[in-house]
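Working notes, beginning with the structure itself.
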Amino acid sequence: MKTRKTTMALAAFSAITAFMLVGCGGGGGGSDTPQNDTPQPEYHPYDAPPISESLKASYLNAVNAARAQGRECHYYDGSIVYMPPAPPLEWSDGLYRAAYEHTQDMDSVDIMQHEGSGTASDWTAQVLSLGRGSTTAERQMNNGAVPEPYYLNENVARMGKTNTLNGVINGWLSSKDGHCVTMMDASLKYYGMAHVGIYWTQEFSVEKK
């Protein structure tokens, strides 16, 4: 039996127009209909369990309470930057599905990472036949969260004794690896969060289907 580590670990990811699944070409032969050079992938959202309105509100209130207060955050390069108060985020069911999918994948393989495991528990990798672990952008798109990964962020955590909502939020805020910067990013608009076992995932985006 694999023994789970009980120390807190955190990881942050962000992408800006860094990944496109499909490319489009112009129409030809006198047709007004654009033709796709690459077939459109057929998306299959993850069947995440229904989330109660009270839990959804708890997740959203926690992140928005943090964003309501300006604070100093450690940036990715180790420098400290002041992040002013940011507008509240709106809940996205698509981002919740992406968050839950990835959290249950991390829990299944007991590894904290942004890349999907590529195993049977990596839903997006399986249904899109990727032949590798899924990316944050692919999971968000497959779950109907964003039309394309124009700008997105993800925080993940593996918690120990402070395996609570307040514990993980405070852990991200005090992290020295950019998690606080991600949470305070005023350009982000939509949010989803999930928790399975000792693993947590936050998903952020600026666009929503």
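Identifiers in the structure tokens: chain A, B, ... in order shown; residue index from 1 per chain; ligand index from 1 in order shown.
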
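Near range 71-73 of chain A, within a cut-off of 7 Å and counting only C-alpha atoms, sit the residues Gln69, Tyr75, Ile80, Val81, Tyr82, Met83, Pro84, Cys180 and Val181 of chain A, with same-chain residues fewer than 2 positions away left out.
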
Just-selected residues, C-alpha atoms written as a short mmCIF file (atom, residue, chain, number, x, y, z; two decimals), in the first residue's frame:
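Now in selection-v3.cif:
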data_model
loop_
_atom_site.label_atom_id
_atom_site.label_comp_id
_atom_site.auth_asym_id
_atom_site.auth_seq_id
_atom_site.Cartn_x
_atom_site.Cartn_y
_atom_site.Cartn_z
CA GLN A 69 -7.64 42.71 0.34
CA TYR A 75 6.33 36.26 -7.45
CA ILE A 80 7.90 40.34 -3.71
CA VAL A 81 5.18 42.33 -5.47
CA TYR A 82 2.22 44.25 -4.05
CA MET A 83 -1.07 43.00 -5.48
CA PRO A 84 -3.95 45.47 -5.07
CA CYS A 180 -0.70 34.30 -4.26
CA VAL A 181 -0.05 36.25 -7.47
#

Per residue of range 25-133 of chain A within 8 Å of range 183-189 of chain A, which atom pair is closest and at what distance in Å (one decimal), using only C-alpha atoms, listed by chain and increasing number, as a tab-separated table?
residue	atom	partner	partner_atom	distance
A:Val63	CA	A:Met183	CA	7.2
A:Ala66	CA	A:Met184	CA	7.7
A:Arg67	CA	A:Met184	CA	5.4
A:Met83	CA	A:Met184	CA	6.3
A:Pro84	CA	A:Met184	CA	7.7
A:Pro85	CA	A:Met184	CA	7.3
A:Ala86	CA	A:Ala186	CA	4.8
A:Pro87	CA	A:Ala186	CA	6.2
A:Pro88	CA	A:Lys189	CA	7.6
A:Leu89	CA	A:Lys189	CA	5.0
A:Glu90	CA	A:Lys189	CA	6.2

Subject >> DSSP strand (DSSP E or B) residues within chain A, as a PyMOL selection string >> reply: chain A and resi 9-16+25+35+71-74+80-83+90-91+151-158+190-196+199-205

Original post:
What is the CA of Pro147 in chain A-CA of Arg97 in chain A distance in Å, reported with one decimal?
Top reply: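 The value is 15.0 Å.
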
**OP:** Write out as a list in words which residues come within 7 Å of range 103-114 of chain A when counting only C-alpha atoms, dropping same-chain ones fewer than 3 positions away.
**Re:**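 My reading of the contact set: Ala99, Tyr100, Ser117, Ser121, Asp122, Thr136, Ala157, Arg158, Ala194, His195, Val196, Gly197, Tyr199, Trp200 and Thr201 of chain A.
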
Subject >> Shell of 8 Å around Ala137 in chain A, only C-alpha atoms, local chain residues under 4 positions omitted, as a list in words >> reply: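 Listed by chain and then number, they are Phe19, Met141, Glu148, Pro149 and Leu152 of chain A.
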
Writer output for current selection, N, CA and C atoms, as a PDB file, in the first residue's frame:
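The new file result_17.pdb reads:
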ATOM      1  N   PHE A  19      -1.180  27.378 -26.006  1.00  0.00           N
ATOM      2  CA  PHE A  19      -1.542  26.077 -26.548  1.00  0.00           C
ATOM      3  C   PHE A  19      -2.813  26.189 -27.375  1.00  0.00           C
ATOM      4  N   MET A 141     -10.593  23.102 -21.758  1.00  0.00           N
ATOM      5  CA  MET A 141     -11.338  23.086 -23.014  1.00  0.00           C
ATOM      6  C   MET A 141     -12.247  21.864 -23.102  1.00  0.00           C
ATOM      7  N   GLU A 148     -11.100  28.761 -25.959  1.00  0.00           N
ATOM      8  CA  GLU A 148      -9.705  28.478 -26.272  1.00  0.00           C
ATOM      9  C   GLU A 148      -8.886  28.988 -25.090  1.00  0.00           C
ATOM     10  N   PRO A 149      -7.716  28.401 -24.851  1.00  0.00           N
ATOM     11  CA  PRO A 149      -6.941  28.799 -23.668  1.00  0.00           C
ATOM     12  C   PRO A 149      -6.192  30.109 -23.870  1.00  0.00           C
ATOM     13  N   LEU A 152      -5.093  31.471 -18.813  1.00  0.00           N
ATOM     14  CA  LEU A 152      -5.626  30.609 -17.773  1.00  0.00           C
ATOM     15  C   LEU A 152      -4.591  30.392 -16.690  1.00  0.00           C
TER      16      LEU A 152
END

**OP:** Tell me which of A:Ser175, A:Ser79, A:Gly116, A:Asn142 sits closest to Leu128 in chain A, counting only C-alpha atoms.
**Re:**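 Using only C-alpha atoms, the shortest distance to Leu128 in chain A belongs to A:Asn142.
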
Original post:
Excluding same-chain residues fewer than 6 positions from Asn143 in chain A, what lies within 12 Å of it counting only C-alpha atoms, as a PyMOL selection string?
Top reply: chain A and resi 42-48+92-102+123-124+127-128+136-137+192+203+208-209

Original post:
Can you tell me, as a ChimeraX atom specification, what residues are no more than 12 Å from Leu55 in chain A when counting only C-alpha atoms, ignoring any on the same chain fewer than 3 positions away?
Top reply: /A:50-52,58-62,91,96,165,192-195

Write a file of the just-selected residues containing C-alpha atoms, as an mmCIF file, in the first residue's frame.
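In the end it all went to selection_17.cif:
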data_model
loop_
_atom_site.group_PDB
_atom_site.id
_atom_site.type_symbol
_atom_site.label_atom_id
_atom_site.label_comp_id
_atom_site.auth_asym_id
_atom_site.auth_seq_id
_atom_site.Cartn_x
_atom_site.Cartn_y
_atom_site.Cartn_z
ATOM 1 C CA PRO A 50 -22.800 17.581 -8.339
ATOM 2 C CA ILE A 51 -21.546 20.312 -6.044
ATOM 3 C CA SER A 52 -23.913 21.759 -3.469
ATOM 4 C CA SER A 58 -17.780 28.470 0.394
ATOM 5 C CA TYR A 59 -15.180 27.999 -2.338
ATOM 6 C CA LEU A 60 -16.124 31.242 -4.065
ATOM 7 C CA ASN A 61 -16.368 33.296 -0.875
ATOM 8 C CA ALA A 62 -12.950 32.099 0.280
ATOM 9 C CA TRP A 91 -18.200 30.559 -10.586
ATOM 10 C CA TYR A 96 -15.230 22.999 -11.568
ATOM 11 C CA LEU A 165 -10.442 25.133 2.862
ATOM 12 C CA GLY A 192 -13.709 26.591 -10.211
ATOM 13 C CA MET A 193 -12.311 24.572 -7.308
ATOM 14 C CA ALA A 194 -12.313 20.956 -6.164
ATOM 15 C CA HIS A 195 -11.012 18.810 -3.305
#

**OP:** Mind listing the alpha helix (DSSP H) residues of range 34-80 of chain A, per DSSP on the backbone, as a list in words?
**Re:**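 Answer for range 34-80 of chain A restricted to alpha helix (DSSP H) is Glu53, Ser54, Leu55, Lys56, Ala57, Ser58, Tyr59, Leu60, Asn61, Ala62, Val63, Asn64, Ala65, Ala66 and Arg67 of chain A.
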